[in-house]
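Pasted below: data-v6.cif, mmCIF, C-alpha atoms (C1' of nucleotides).
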```cif
data_data
#
loop_
_atom_site.label_atom_id
_atom_site.label_comp_id
_atom_site.auth_asym_id
_atom_site.auth_seq_id
_atom_site.Cartn_x
_atom_site.Cartn_y
_atom_site.Cartn_z
CA MET A 1 -31.91 147.38 -53.99
CA ASN A 2 -34.32 145.92 -51.54
CA THR A 3 -33.96 148.66 -49.04
CA GLY A 4 -36.46 147.27 -46.58
CA LEU A 5 -33.66 145.08 -45.37
CA ARG A 6 -31.61 148.07 -44.29
CA ALA A 7 -33.28 148.41 -40.97
CA LEU A 8 -32.44 145.07 -39.49
CA SER A 9 -32.81 144.48 -35.82
CA THR A 10 -29.76 144.52 -33.65
CA MET A 11 -30.14 140.88 -32.75
CA THR A 12 -27.07 138.97 -33.70
CA PHE A 13 -27.22 136.06 -36.06
CA ARG A 14 -25.23 133.20 -34.70
CA THR A 15 -23.84 131.02 -37.43
CA THR A 16 -23.56 128.11 -35.02
CA PHE A 17 -27.29 127.95 -34.74
CA ALA A 18 -27.85 128.55 -38.43
CA ARG A 19 -25.69 125.57 -39.21
CA ARG A 20 -27.20 123.12 -36.79
CA SER A 21 -30.80 124.05 -37.36
CA CYS A 22 -30.68 123.77 -41.13
CA LEU A 23 -33.07 121.32 -42.64
CA PRO A 24 -30.80 118.52 -43.80
CA VAL A 25 -29.98 117.86 -40.17
CA ARG A 26 -33.66 117.68 -39.35
CA LEU A 27 -34.38 115.47 -42.34
CA ALA A 28 -31.60 113.17 -41.28
CA GLN A 29 -33.19 112.91 -37.86
CA ARG A 30 -36.53 112.07 -39.38
CA GLN A 31 -35.22 109.48 -41.80
CA VAL A 32 -32.53 107.75 -39.83
CA ALA A 33 -33.70 105.46 -37.04
CA THR A 34 -33.04 107.01 -33.68
CA GLN A 35 -30.93 105.32 -31.07
CA PRO A 36 -32.81 102.66 -29.08
CA LEU A 37 -32.37 104.33 -25.71
CA PHE A 38 -33.68 107.61 -27.03
CA GLU A 39 -36.62 105.92 -28.73
CA THR A 40 -37.62 104.12 -25.56
CA GLN A 41 -38.01 107.47 -23.83
CA LYS A 42 -40.04 108.96 -26.64
CA VAL A 43 -42.47 106.07 -27.05
CA LYS A 44 -42.76 105.50 -23.30
CA TYR A 45 -46.32 106.76 -22.93
CA TRP A 46 -47.58 105.02 -26.06
CA LYS A 47 -46.14 101.74 -24.75
CA GLN A 48 -47.60 102.31 -21.29
CA LEU A 49 -50.97 103.02 -22.84
CA LYS A 50 -50.81 99.75 -24.79
CA GLU A 51 -49.94 97.74 -21.71
CA GLU A 52 -52.49 99.37 -19.45
CA GLN A 53 -55.38 99.24 -21.90
CA GLY A 54 -54.74 95.64 -22.99
CA GLY A 55 -55.24 93.91 -26.34
CA ASP A 56 -58.33 95.93 -27.13
CA TYR A 57 -56.48 99.22 -26.71
CA LYS A 58 -57.04 100.30 -30.32
CA ASN A 59 -60.78 100.57 -29.67
CA ARG A 60 -60.46 102.83 -26.63
CA THR A 61 -61.79 106.32 -27.30
CA VAL A 62 -60.91 109.79 -26.11
CA SER A 63 -63.04 112.90 -26.29
CA THR A 64 -61.96 115.01 -29.24
CA SER A 65 -62.58 118.29 -27.47
CA GLN A 66 -60.84 117.16 -24.29
CA LEU A 67 -57.79 116.10 -26.26
CA LEU A 68 -57.74 119.35 -28.23
CA THR A 69 -58.12 121.49 -25.13
CA ALA A 70 -55.38 119.61 -23.31
CA LEU A 71 -52.96 119.85 -26.24
CA ARG A 72 -53.65 123.57 -26.64
CA ASP A 73 -53.34 124.28 -22.93
CA LEU A 74 -50.06 122.41 -22.74
CA GLN A 75 -48.82 124.18 -25.85
CA SER A 76 -49.74 127.49 -24.25
CA TYR A 77 -48.16 126.47 -20.94
CA ARG A 78 -44.94 125.49 -22.68
CA SER A 79 -44.75 128.86 -24.39
CA LEU A 80 -44.89 130.51 -20.97
CA THR A 81 -41.85 128.64 -19.73
CA PRO A 82 -38.32 129.01 -21.07
CA ASN A 83 -38.32 125.52 -22.55
CA LYS A 84 -40.13 125.79 -25.85
CA SER A 85 -38.64 122.71 -27.46
CA THR A 86 -41.76 120.57 -27.73
CA PHE A 87 -43.71 123.06 -29.84
CA PRO A 88 -43.47 121.05 -33.04
CA ASP A 89 -44.77 117.96 -31.24
CA TYR A 90 -47.86 119.77 -29.94
CA ARG A 91 -48.48 121.20 -33.40
CA ALA A 92 -48.20 117.70 -34.87
CA GLY A 93 -50.62 116.40 -32.24
CA LEU A 94 -53.14 119.11 -33.06
CA ARG A 95 -52.74 118.49 -36.78
CA ALA A 96 -53.39 114.79 -36.26
CA VAL A 97 -56.61 115.49 -34.36
CA PHE A 98 -57.84 117.86 -37.05
CA LEU A 99 -56.91 115.36 -39.74
CA LEU A 100 -59.20 112.81 -38.06
CA ALA A 101 -61.96 115.06 -36.82
CA GLY A 102 -62.16 117.50 -39.71
CA SER A 103 -62.32 121.26 -39.37
CA ASP A 104 -64.93 121.23 -36.61
CA PRO A 105 -64.12 118.73 -33.86
CA ALA A 106 -67.72 118.90 -32.60
CA ALA A 107 -68.73 116.90 -35.66
CA ARG A 108 -66.72 113.91 -34.43
CA PRO A 109 -66.86 113.88 -30.64
CA THR A 110 -64.62 110.86 -30.01
CA LEU A 111 -61.48 109.39 -31.55
CA THR A 112 -60.16 105.86 -31.15
CA VAL A 113 -56.57 105.09 -30.24
CA GLY A 114 -56.33 103.03 -33.42
CA ASP A 115 -57.28 106.06 -35.53
CA LEU A 116 -54.78 108.23 -33.67
CA GLU A 117 -52.03 105.67 -34.23
CA ASN A 118 -52.56 106.05 -37.98
CA VAL A 119 -51.89 109.76 -37.99
CA LEU A 120 -49.71 110.41 -34.96
CA SER A 121 -46.14 109.18 -34.71
CA THR A 122 -45.61 106.97 -31.66
CA GLU A 123 -42.47 109.04 -31.10
CA ASN A 124 -44.60 112.10 -30.37
CA GLY A 125 -44.09 111.65 -26.65
CA VAL A 126 -45.92 114.75 -25.46
CA SER A 127 -49.11 113.98 -27.38
CA TRP A 128 -49.20 110.29 -26.42
CA ARG A 129 -48.68 111.28 -22.82
CA VAL A 130 -51.86 113.36 -23.01
CA ILE A 131 -53.80 110.50 -24.63
CA HIS A 132 -52.44 108.08 -22.06
CA ASP A 133 -53.42 110.33 -19.18
CA ILE A 134 -56.93 110.96 -20.47
CA LEU A 135 -57.52 107.21 -20.83
CA LYS A 136 -56.04 106.34 -17.46
CA TYR A 137 -57.20 109.21 -15.26
CA GLY A 138 -59.89 110.94 -17.31
CA LEU A 139 -57.81 114.10 -17.08
CA VAL A 140 -54.29 115.43 -17.53
CA PRO A 141 -52.61 115.67 -14.10
CA GLN A 142 -50.00 118.10 -15.40
CA LEU A 143 -52.75 120.63 -16.09
CA GLU A 144 -54.78 119.90 -12.95
CA GLU A 145 -51.75 120.63 -10.81
CA LEU A 146 -51.42 124.20 -12.07
CA THR A 147 -52.34 127.04 -9.75
CA GLU A 148 -55.48 129.01 -10.43
CA GLU A 149 -53.35 131.94 -11.59
CA MET A 150 -51.33 129.78 -13.95
CA ARG A 151 -54.48 128.23 -15.40
CA ALA A 152 -55.81 131.67 -16.20
CA THR A 153 -52.45 132.63 -17.70
CA VAL A 154 -52.52 129.52 -19.91
CA ALA A 155 -56.07 130.27 -21.06
CA PHE A 156 -55.33 133.93 -21.81
CA ASN A 157 -52.15 133.05 -23.68
CA ARG A 158 -54.18 130.96 -26.13
CA VAL A 159 -55.99 134.09 -27.27
CA HIS A 160 -54.81 135.98 -30.35
CA ALA A 161 -52.99 139.23 -29.43
CA ILE A 162 -52.45 138.08 -25.83
CA GLY A 163 -48.90 136.87 -25.56
CA ASN A 164 -46.67 135.75 -22.78
CA ILE A 165 -46.33 139.13 -21.08
CA TYR A 166 -49.94 140.27 -21.20
CA ALA A 167 -51.26 136.86 -20.13
CA LYS A 168 -48.99 136.81 -17.08
CA THR A 169 -49.79 140.42 -16.16
CA PHE A 170 -53.57 140.00 -16.43
CA ALA A 171 -53.62 136.80 -14.35
CA LYS A 172 -51.18 138.14 -11.76
CA ASN A 173 -53.48 141.11 -11.21
CA GLY A 174 -56.51 138.96 -10.58
CA ALA A 175 -58.17 138.39 -13.95
CA ARG A 176 -59.55 134.86 -14.14
CA THR A 177 -62.09 134.73 -16.95
CA PHE A 178 -62.46 136.12 -20.47
CA GLU A 179 -65.42 138.14 -19.17
CA ASP A 180 -63.15 139.83 -16.63
CA LEU A 181 -60.96 141.10 -19.46
CA ILE A 182 -63.77 141.96 -21.89
CA ASN A 183 -65.50 144.06 -19.23
CA SER A 184 -62.33 145.72 -17.99
CA THR A 185 -62.20 149.43 -18.63
CA GLY A 186 -58.87 150.66 -17.31
CA ASP A 187 -55.68 148.94 -16.25
CA GLU A 188 -57.20 147.19 -13.23
CA TYR A 189 -55.55 143.97 -14.41
CA GLY A 190 -52.11 145.55 -14.69
CA LYS A 191 -52.37 146.67 -18.28
CA LYS A 192 -55.15 148.09 -20.40
CA VAL A 193 -56.93 145.42 -22.44
CA SER A 194 -56.50 146.54 -26.04
CA LYS A 195 -59.21 146.72 -28.68
CA ALA A 196 -57.65 143.83 -30.58
CA GLN A 197 -57.45 141.74 -27.41
CA LYS A 198 -61.12 142.31 -26.57
CA LEU A 199 -62.08 141.38 -30.11
CA ALA A 200 -60.04 138.18 -29.97
CA LEU A 201 -61.45 137.29 -26.54
CA LYS A 202 -64.98 137.71 -27.86
CA TYR A 203 -64.44 135.46 -30.87
CA HIS A 204 -61.78 133.20 -29.38
CA HIS A 205 -63.85 130.04 -29.68
CA GLU A 206 -64.65 130.59 -33.36
CA MET A 207 -61.06 131.54 -34.14
CA GLU A 208 -59.79 128.18 -32.90
CA ILE A 209 -61.99 126.25 -35.33
CA MET A 210 -60.29 125.33 -38.61
CA ILE A 211 -61.74 126.47 -41.92
CA PRO A 212 -62.89 123.77 -44.36
CA ARG A 213 -61.62 124.11 -47.89
CA GLN A 214 -65.11 124.59 -49.38
CA GLU A 215 -65.58 127.65 -47.21
CA VAL A 216 -62.31 129.19 -48.38
CA ASP A 217 -63.51 128.50 -51.93
CA LYS A 218 -66.56 130.63 -51.16
CA PHE A 219 -64.44 133.40 -49.68
CA ASP A 220 -62.26 133.23 -52.77
CA MET A 221 -65.22 133.79 -55.09
CA LEU A 222 -66.63 136.63 -53.01
CA ILE A 223 -63.25 138.37 -52.73
CA LYS A 224 -62.70 138.03 -56.47
CA ASP A 225 -66.10 139.56 -57.08
CA ALA A 226 -65.60 142.39 -54.60
CA LEU A 227 -62.17 143.39 -55.88
CA ASN A 228 -63.22 143.09 -59.50
CA LYS A 229 -66.16 145.38 -58.89
CA ALA A 230 -64.01 147.95 -57.08
CA ASP A 231 -60.97 147.87 -59.35
CA PRO A 232 -60.24 145.06 -61.82
CA THR A 233 -56.58 146.10 -62.03
CA ILE A 234 -55.99 144.97 -58.44
CA LYS A 235 -54.86 141.36 -58.35
CA TYR A 236 -54.83 138.95 -55.42
CA GLU A 237 -54.14 135.37 -54.45
CA ILE A 238 -54.90 133.27 -51.39
CA MET A 239 -51.71 131.59 -50.18
CA GLY A 240 -50.95 129.29 -47.24
CA SER A 241 -52.31 125.80 -46.84
CA TYR A 242 -55.24 126.59 -49.14
CA ARG A 243 -52.88 127.17 -52.05
CA ARG A 244 -51.13 123.91 -51.19
CA GLY A 245 -54.48 122.23 -51.74
CA GLU A 246 -55.04 121.15 -48.14
CA GLU A 247 -58.51 120.40 -46.84
CA THR A 248 -58.42 122.74 -43.86
CA SER A 249 -56.81 126.08 -43.07
CA SER A 250 -56.33 127.96 -39.85
CA ASP A 251 -56.76 131.35 -41.49
CA ILE A 252 -57.04 133.00 -44.89
CA ASP A 253 -53.74 134.44 -46.00
CA MET A 254 -54.07 136.83 -48.94
CA VAL A 255 -51.62 138.84 -51.00
CA VAL A 256 -52.71 141.78 -53.17
CA TRP A 257 -50.70 143.58 -55.80
CA HIS A 258 -51.00 146.24 -58.48
CA ASP A 259 -48.84 147.18 -61.46
CA SER A 260 -48.39 150.69 -60.05
CA LEU A 261 -46.35 149.30 -57.15
CA LYS A 262 -43.24 147.73 -58.64
CA ARG A 263 -40.83 147.83 -55.76
CA ARG A 264 -40.61 148.75 -52.12
CA ASP A 265 -40.20 152.45 -51.58
CA PRO A 266 -37.53 153.11 -48.97
CA ASP A 267 -38.68 156.70 -48.45
CA ALA A 268 -42.36 155.93 -48.09
CA LYS A 269 -43.74 157.60 -45.00
CA VAL A 270 -45.42 155.37 -42.50
CA ARG A 271 -48.97 156.60 -42.26
CA LYS A 272 -50.71 156.38 -38.92
CA GLY A 273 -54.23 155.06 -38.84
CA ASN A 274 -56.24 153.81 -41.76
CA PRO A 275 -54.78 153.58 -45.24
CA ALA A 276 -55.60 156.48 -47.60
CA PRO A 277 -58.86 155.67 -49.41
CA ASP A 278 -57.22 156.04 -52.81
CA SER A 279 -54.18 153.89 -51.99
CA ILE A 280 -54.09 150.30 -53.16
CA MET A 281 -54.79 148.92 -49.69
CA GLY A 282 -57.42 151.59 -49.14
CA ARG A 283 -59.28 150.45 -52.24
CA VAL A 284 -58.97 146.80 -51.21
CA LEU A 285 -60.22 147.57 -47.72
CA ASN A 286 -63.20 149.55 -48.99
CA ALA A 287 -64.07 146.80 -51.44
CA MET A 288 -64.03 144.29 -48.59
CA PHE A 289 -66.18 146.55 -46.41
CA SER A 290 -68.67 147.14 -49.24
CA ALA A 291 -69.01 143.41 -49.88
CA GLY A 292 -69.66 142.80 -46.20
CA LEU A 293 -66.51 140.70 -45.94
CA PHE A 294 -64.90 142.98 -43.38
CA SER A 295 -66.55 145.07 -40.72
CA SER A 296 -64.79 148.09 -39.23
CA ASP A 297 -65.46 146.96 -35.67
CA LYS A 298 -63.84 143.58 -36.24
CA MET A 299 -60.38 144.62 -37.41
CA PHE A 300 -57.14 143.79 -35.62
CA ALA A 301 -54.99 146.05 -37.76
CA THR A 302 -55.50 148.24 -40.81
CA GLY A 303 -52.34 149.65 -42.34
CA GLU A 304 -51.07 150.53 -45.81
CA LYS A 305 -49.21 147.26 -46.19
CA LYS A 306 -51.06 144.88 -43.95
CA VAL A 307 -54.67 144.41 -42.94
CA TRP A 308 -55.83 141.87 -40.37
CA GLY A 309 -59.38 141.23 -39.37
CA LEU A 310 -62.26 138.86 -38.78
CA SER A 311 -64.48 138.00 -41.69
CA ARG A 312 -67.54 135.84 -42.08
CA LEU A 313 -69.46 134.71 -45.12
CA PRO A 314 -72.16 137.35 -45.65
CA GLY A 315 -75.80 136.33 -45.46
CA ASP A 316 -75.29 133.28 -43.27
CA PRO A 317 -76.10 133.93 -39.61
CA LYS A 318 -74.41 130.67 -38.65
CA ALA A 319 -71.16 131.50 -40.45
CA LEU A 320 -68.15 131.58 -38.17
CA HIS A 321 -65.71 134.46 -37.88
CA ARG A 322 -62.49 133.67 -39.70
CA GLN A 323 -59.16 135.42 -39.55
CA VAL A 324 -58.21 137.08 -42.83
CA ASP A 325 -54.72 138.45 -43.38
CA VAL A 326 -54.20 140.76 -46.35
CA ARG A 327 -50.79 141.98 -47.32
CA LEU A 328 -49.66 144.26 -50.11
CA CYS A 329 -46.72 143.13 -52.20
CA PRO A 330 -44.68 145.05 -54.80
CA THR A 331 -44.79 143.15 -58.10
CA GLU A 332 -41.01 142.74 -58.08
CA SER A 333 -41.21 140.64 -54.91
CA LEU A 334 -44.38 138.77 -55.83
CA PRO A 335 -42.91 135.38 -56.79
CA TYR A 336 -40.87 135.41 -53.57
CA MET A 337 -43.89 136.40 -51.52
CA LEU A 338 -46.03 133.67 -53.09
CA LEU A 339 -43.33 131.09 -52.50
CA GLY A 340 -42.59 132.20 -48.95
CA ASN A 341 -46.19 132.41 -47.81
CA THR A 342 -47.35 129.25 -49.50
CA GLY A 343 -44.71 127.26 -47.63
CA ASP A 344 -44.72 124.85 -46.04
CA ASN A 345 -42.30 125.87 -43.32
CA ASP A 346 -40.02 122.89 -43.81
CA LEU A 347 -39.85 123.51 -47.55
CA MET A 348 -38.88 127.12 -46.98
CA ARG A 349 -36.20 126.06 -44.54
CA PHE A 350 -34.92 123.63 -47.14
CA LEU A 351 -34.91 126.25 -49.92
CA ARG A 352 -33.11 128.76 -47.74
CA TYR A 353 -30.50 126.15 -47.00
CA LYS A 354 -30.08 125.39 -50.71
CA ALA A 355 -29.69 129.12 -51.32
CA GLU A 356 -27.09 129.36 -48.59
CA GLU A 357 -25.09 126.58 -50.28
CA LYS A 358 -24.87 128.87 -53.30
CA ASP A 359 -23.96 131.82 -51.12
CA LEU A 360 -27.40 133.28 -51.71
CA LEU A 361 -29.86 134.76 -49.25
CA LEU A 362 -33.50 133.88 -49.88
CA ASN A 363 -36.46 135.51 -48.16
CA GLU A 364 -40.00 136.60 -49.02
CA TYR A 365 -38.75 139.77 -50.71
CA GLY A 366 -36.07 138.39 -52.97
CA MET A 367 -32.88 136.44 -53.44
CA GLY A 368 -29.36 137.78 -53.82
CA GLN A 369 -25.73 137.31 -52.90
CA ARG A 370 -25.13 137.18 -49.18
CA VAL A 371 -23.08 139.86 -47.53
CA SER A 372 -22.53 140.02 -43.79
CA ILE A 373 -22.43 143.42 -42.16
CA SER A 374 -21.73 143.24 -38.44
CA ASN A 375 -23.26 139.78 -38.01
CA GLN A 376 -26.32 140.64 -40.10
CA VAL A 377 -26.84 138.99 -43.46
CA HIS A 378 -28.02 141.28 -46.28
CA PHE A 379 -28.32 141.15 -50.03
CA LYS A 380 -25.17 142.41 -51.69
CA PRO A 381 -26.31 145.59 -53.48
CA GLY A 382 -27.15 144.97 -57.11
CA THR A 383 -27.18 141.18 -56.88
CA GLU A 384 -30.90 140.63 -56.34
CA ILE A 385 -32.22 138.08 -58.78
CA ILE A 386 -35.35 139.44 -60.42
CA VAL A 387 -37.78 136.68 -61.39
CA GLN A 388 -41.20 136.68 -63.00
CA THR A 389 -42.35 133.31 -61.67
CA GLU A 390 -41.82 130.98 -58.73
CA LYS A 391 -40.44 128.40 -61.14
CA GLU A 392 -37.46 130.63 -61.88
CA ILE A 393 -36.56 130.54 -58.18
CA PHE A 394 -36.49 126.73 -58.21
CA ASP A 395 -34.43 126.91 -61.44
CA LYS A 396 -31.85 129.17 -59.81
CA LEU A 397 -31.58 126.73 -56.92
CA GLU A 398 -31.27 123.84 -59.42
CA LEU A 399 -34.28 122.06 -58.00
CA PRO A 400 -37.25 120.58 -59.82
CA TYR A 401 -40.25 122.90 -59.79
CA LEU A 402 -42.91 122.07 -57.23
CA GLU A 403 -46.48 123.03 -58.00
CA PRO A 404 -48.18 124.64 -54.99
CA HIS A 405 -50.02 121.41 -54.16
CA GLN A 406 -46.68 119.57 -54.05
CA ARG A 407 -45.29 121.82 -51.34
CA SER A 408 -46.59 119.94 -48.31
CA TYR A 409 -43.86 117.96 -46.60
CA LYS A 410 -45.51 114.59 -47.09
CA VAL A 411 -45.47 115.22 -50.87
CA TRP A 412 -42.20 117.04 -51.50
CA LYS A 413 -40.10 114.75 -49.32
CA ASN A 414 -40.53 112.15 -52.08
CA ILE A 415 -39.64 114.55 -54.89
CA LEU A 416 -36.69 116.64 -53.82
CA PRO A 417 -33.19 115.13 -53.67
CA ARG A 418 -32.35 113.50 -50.37
CA TYR A 419 -29.58 114.31 -47.97
"C1'" DC B 1 -21.28 121.65 -18.29
"C1'" DT B 2 -23.65 126.19 -20.40
"C1'" DG B 3 -26.65 128.57 -23.13
"C1'" DA B 4 -28.92 128.88 -27.17
"C1'" DC B 5 -33.64 128.10 -29.55
"C1'" DG B 6 -35.95 131.78 -36.89
"C1'" DG B 7 -35.34 136.53 -38.48
"C1'" DG B 8 -37.38 140.47 -39.82
"C1'" DC B 9 -41.43 142.83 -40.72
"C1'" DG B 10 -45.99 145.69 -39.89
"C1'" DC B 11 -49.22 147.23 -36.71
"C1'" DA B 12 -51.20 149.06 -32.20
"C1'" DT B 13 -50.19 150.77 -27.99
"C1'" DA B 14 -47.34 152.32 -24.07
"C1'" DG B 15 -44.00 155.28 -22.66
"C1'" DA B 16 -40.70 159.11 -23.19
"C1'" DC B 17 -40.01 163.78 -24.16
"C1'" DG C 1 -48.26 166.76 -29.93
"C1'" DT C 2 -44.27 163.67 -31.95
"C1'" DC C 3 -40.95 160.06 -31.55
"C1'" DT C 4 -39.33 155.62 -29.88
"C1'" DA C 5 -39.81 151.15 -27.55
"C1'" DT C 6 -42.31 147.14 -26.74
"C1'" DG C 7 -45.48 143.34 -27.47
"C1'" DC C 8 -47.46 140.53 -30.67
"C1'" DG C 9 -48.21 137.43 -34.62
"C1'" DC C 10 -46.94 136.05 -38.96
"C1'" DC C 11 -44.32 132.88 -42.46
"C1'" DG D 1 -35.45 118.58 -25.20
"C1'" DT D 2 -31.39 118.78 -27.93
"C1'" DC D 3 -27.25 120.32 -29.65
"C1'" DA D 4 -22.62 122.75 -30.32
"C1'" DG D 5 -18.88 124.51 -28.02
#
```

Once you've parsed the file, please lay out its structure as structure tokens.
Amino acid sequence: MNTGLRALSTMTFRTTFARRSCLPVRLAQRQVATQPLFETQKVKYWKQLKEEQGGDYKNRTVSTSQLLTALRDLQSYRSLTPNKSTFPDYRAGLRAVFLLAGSDPAARPTLTVGDLENVLSTENGVSWRVIHDILKYGLVPQLEELTEEMRATVAFNRVHAIGNIYAKTFAKNGARTFEDLINSTGDEYGKKVSKAQKLALKYHHEMEIMIPRQEVDKFDMLIKDALNKADPTIKYEIMGSYRRGEETSSDIDMVVWHDSLKRRDPDAKVRKGNPAPDSIMGRVLNAMFSAGLFSSDKMFATGEKKVWGLSRLPGDPKALHRQVDVRLCPTESLPYMLLGNTGDNDLMRFLRYKAEEKDLLLNEYGMGQRVSISNQVHFKPGTEIIVQTEKEIFDKLELPYLEPHQRSYKVWKNILPRY
DNA sequence: CTGACGGGCGCATAGAC
DNA sequence: GTCTATGCGCC
DNA sequence: GTCAG
């Protein structure tokens, strides 16, 4: 029994939402032409841009960094207000810019409207509004109008480990710059600035730059070497967009496992502080330290099951700090962990929906019959489906197997059965 | 119209006792 | 000092 | 912003 699921939060699971947010609905929205009136609203700014910039509009250029900053600020601003609905559109806008500019936007300082049209849906109203505004006014009025306090809040909220609440508190109590927070010693800005927050503030700029695939390849080789030297029986895999074969990644998402850990131990005590040196994670961590891949002063979190920190390629003074996320997985859950953390998000949503159709619950720990206990969905005891490979999970769901590199939406939408 | 928006986990830190 | 709650980020 | 109720 996957006992980790015992301690579920008290939040209720509303079936109404589960039903309407399931993927087939979203796919239908993507594939079926939207109603004309609705479309007019969405493409309003793209159309305005076309009219205002004239026949040569495709050759107009915007500054890559200005566009990125504006999209990120607006994304951050949106997350501070109750209405979070446009998140996917900002993410799509950012993805489009990175697709054009590569991992480091500084390498390609301007983008043409024509290029953007190729990678950014004209229905992405929020992103085209930003492009329109930059071309017309040279700035984004929506951001210029913000109060000084709100601008600081938006900037702070972009930083890793500074969420909604901390960002608002810091700005409300007078903090205006990253330096203010880095140099703060007590709670003069309302709350104490944590170690992780100071670290993220210091390396914020580097952390926002995407990682090119070749660099992850190098990390992969160095990690393999380091772990092999320390203990060849420890296995690992890099998941996420890298495993899907994409050209850039936002972080390095690693899973480690060892034959001695077969399943989650419900009675395992939660250790405070660093993992025991002889534990699996302890050995991994020490191997990473020894190889110069991690540094003890650049860690966000170091636990028995999860380690988060900044890492840079050793020996290269110009190498940027990259976020590396290591998590320990019992071998019994490994195929589910690999599947769940390789994604992409839409595929996982789709697979969970397919599982639900068969009255199964699928998550990163396993798959089993659904049983609802006071509005919470659990595995029915004894029904977990043990698999050795990811392919067996697709088999159980009666879907064709997707290799990791086929799991990006633009690929799998053409392979999996339509709805 | 209202009221919802992924769920559940691991970690660090704040707060309670 | 120990235990619990909260904030955060992750997929 | 969008959707179910």

Excluding region 220-230 of chain A and its own-chain neighbours fewer than 2 positions away, which residues fall within 6 Å of it when counting all atoms listed in the file? Please give them as a short mmCIF file (atom, residue, chain, number, x, y, z; two decimals) with C-alpha atoms, in the frame of the given file.
```cif
data_model
loop_
_atom_site.label_atom_id
_atom_site.label_comp_id
_atom_site.auth_asym_id
_atom_site.auth_seq_id
_atom_site.Cartn_x
_atom_site.Cartn_y
_atom_site.Cartn_z
CA VAL A 216 -62.31 129.19 -48.38
CA ASP A 217 -63.51 128.50 -51.93
CA LYS A 218 -66.56 130.63 -51.16
CA PRO A 232 -60.24 145.06 -61.82
CA ALA A 287 -64.07 146.80 -51.44
CA ALA A 291 -69.01 143.41 -49.88
#
```

I need the residue set behind the PyMOL selection byres ((chain C) within 9 of (chain A)) for this file; please write it as a list in words.
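Given this file, the PyMOL selection byres ((chain C) within 9 of (chain A)) evaluates to DG7, DC8, DG9 and DC11 of chain C.
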
If I wrap all listed atoms of chain C in a box with edges along x, y and z and add 4 Å on each side, what are its centre and edge lengths in Å to one decimal, as lines of an AutoDock Vina configuration file?
```
center_x = -43.8
center_y = 149.8
center_z = -34.6
size_x = 16.9
size_y = 41.9
size_z = 23.7
```

Can you translate the PyMOL selection byres ((chain D) within 8 of (chain A)) into the concrete residues it hits in this file, as a count of residues only?
3

Using the chain letters and residue numbers of this document, give as a list in words the residues selected by the PyMOL selection byres ((chain C and resi 6) around 10).
DT13, DA14 and DG15 of chain B; DT4, DA5, DG7 and DC8 of chain C

Selected residues written out with C-alpha atoms (C1' of nucleotides), as a PDB file, in the frame of the given file:
```pdb
ATOM      1  C1'  DT B  13     -50.190 150.770 -27.990  1.00  0.00           C
ATOM      2  C1'  DA B  14     -47.340 152.320 -24.070  1.00  0.00           C
ATOM      3  C1'  DG B  15     -44.000 155.280 -22.660  1.00  0.00           C
TER       4       DG B  15
ATOM      5  C1'  DT C   4     -39.330 155.620 -29.880  1.00  0.00           C
ATOM      6  C1'  DA C   5     -39.810 151.150 -27.550  1.00  0.00           C
ATOM      7  C1'  DG C   7     -45.480 143.340 -27.470  1.00  0.00           C
ATOM      8  C1'  DC C   8     -47.460 140.530 -30.670  1.00  0.00           C
TER       9       DC C   8
END
```

Which neighbours of DG10 (chain B) fall inside 8 Å, counting only C-alpha atoms (C1' of nucleotides), when residues of the same chain fewer than 6 positions from it are skipped, and could you give them as an MDAnalysis selection string?
chainID A and resid 303 305:306

Those residues with C-alpha atoms, as an mmCIF file, in the frame of the given file please?
```cif
data_model
loop_
_atom_site.group_PDB
_atom_site.id
_atom_site.type_symbol
_atom_site.label_atom_id
_atom_site.label_comp_id
_atom_site.auth_asym_id
_atom_site.auth_seq_id
_atom_site.Cartn_x
_atom_site.Cartn_y
_atom_site.Cartn_z
ATOM 1 C CA GLY A 303 -52.340 149.650 -42.340
ATOM 2 C CA LYS A 305 -49.210 147.260 -46.190
ATOM 3 C CA LYS A 306 -51.060 144.880 -43.950
#
```

Taking all atoms listed in the file into account, find every residue of chain B that has an atom no more than 10 Å from chain A, and write it out as a list of chain:residue names.
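Therefore, the residues near the partner are B:DA4, B:DC5, B:DG6, B:DG7, B:DG8, B:DC9, B:DG10, B:DC11, B:DA12, B:DT13, B:DA14.
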
Quick one: distance from CA of Lys318 (chain A) to CA of Leu99 (chain A) in Å, one decimal?
23.3 Å

Separation of CA of Leu313 (chain A) from CA of Leu293 (chain A) in Å
6.7 Å

Got a sec: who's within 9 Å of region 352-359 of chain A, counting all atoms listed in the file, leaving out chain neighbours fewer than 3 positions off, as a list in words?
Cys22, Leu23, Pro24, Leu347, Met348, Arg349, Leu362, Asn363, Met367, Gly368, Gln369, Arg370, Val371, Lys396, Leu397 and Glu398 of chain A

Distance of CA of Tyr203 (chain A) from CA of Trp257 (chain A), expressed in Å to one decimal place:
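Those two atoms sit 29.6 Å apart.
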
Surrounding residues of region 55-62 of chain A excluding itself and chain neighbours under 4 positions, 9 Å, only C-alpha atoms (C1' of nucleotides), as a ChimeraX atom specification:
/A:49-51,66-67,109-117,131,134-135,138

Using only C-alpha atoms, which of A:Thr122, A:Ser65, A:Thr248, A:Ser127 sits nearest Arg91 (chain A)?
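Looking at the shortest contact to Arg91 (chain A), the residue is A:Ser127.
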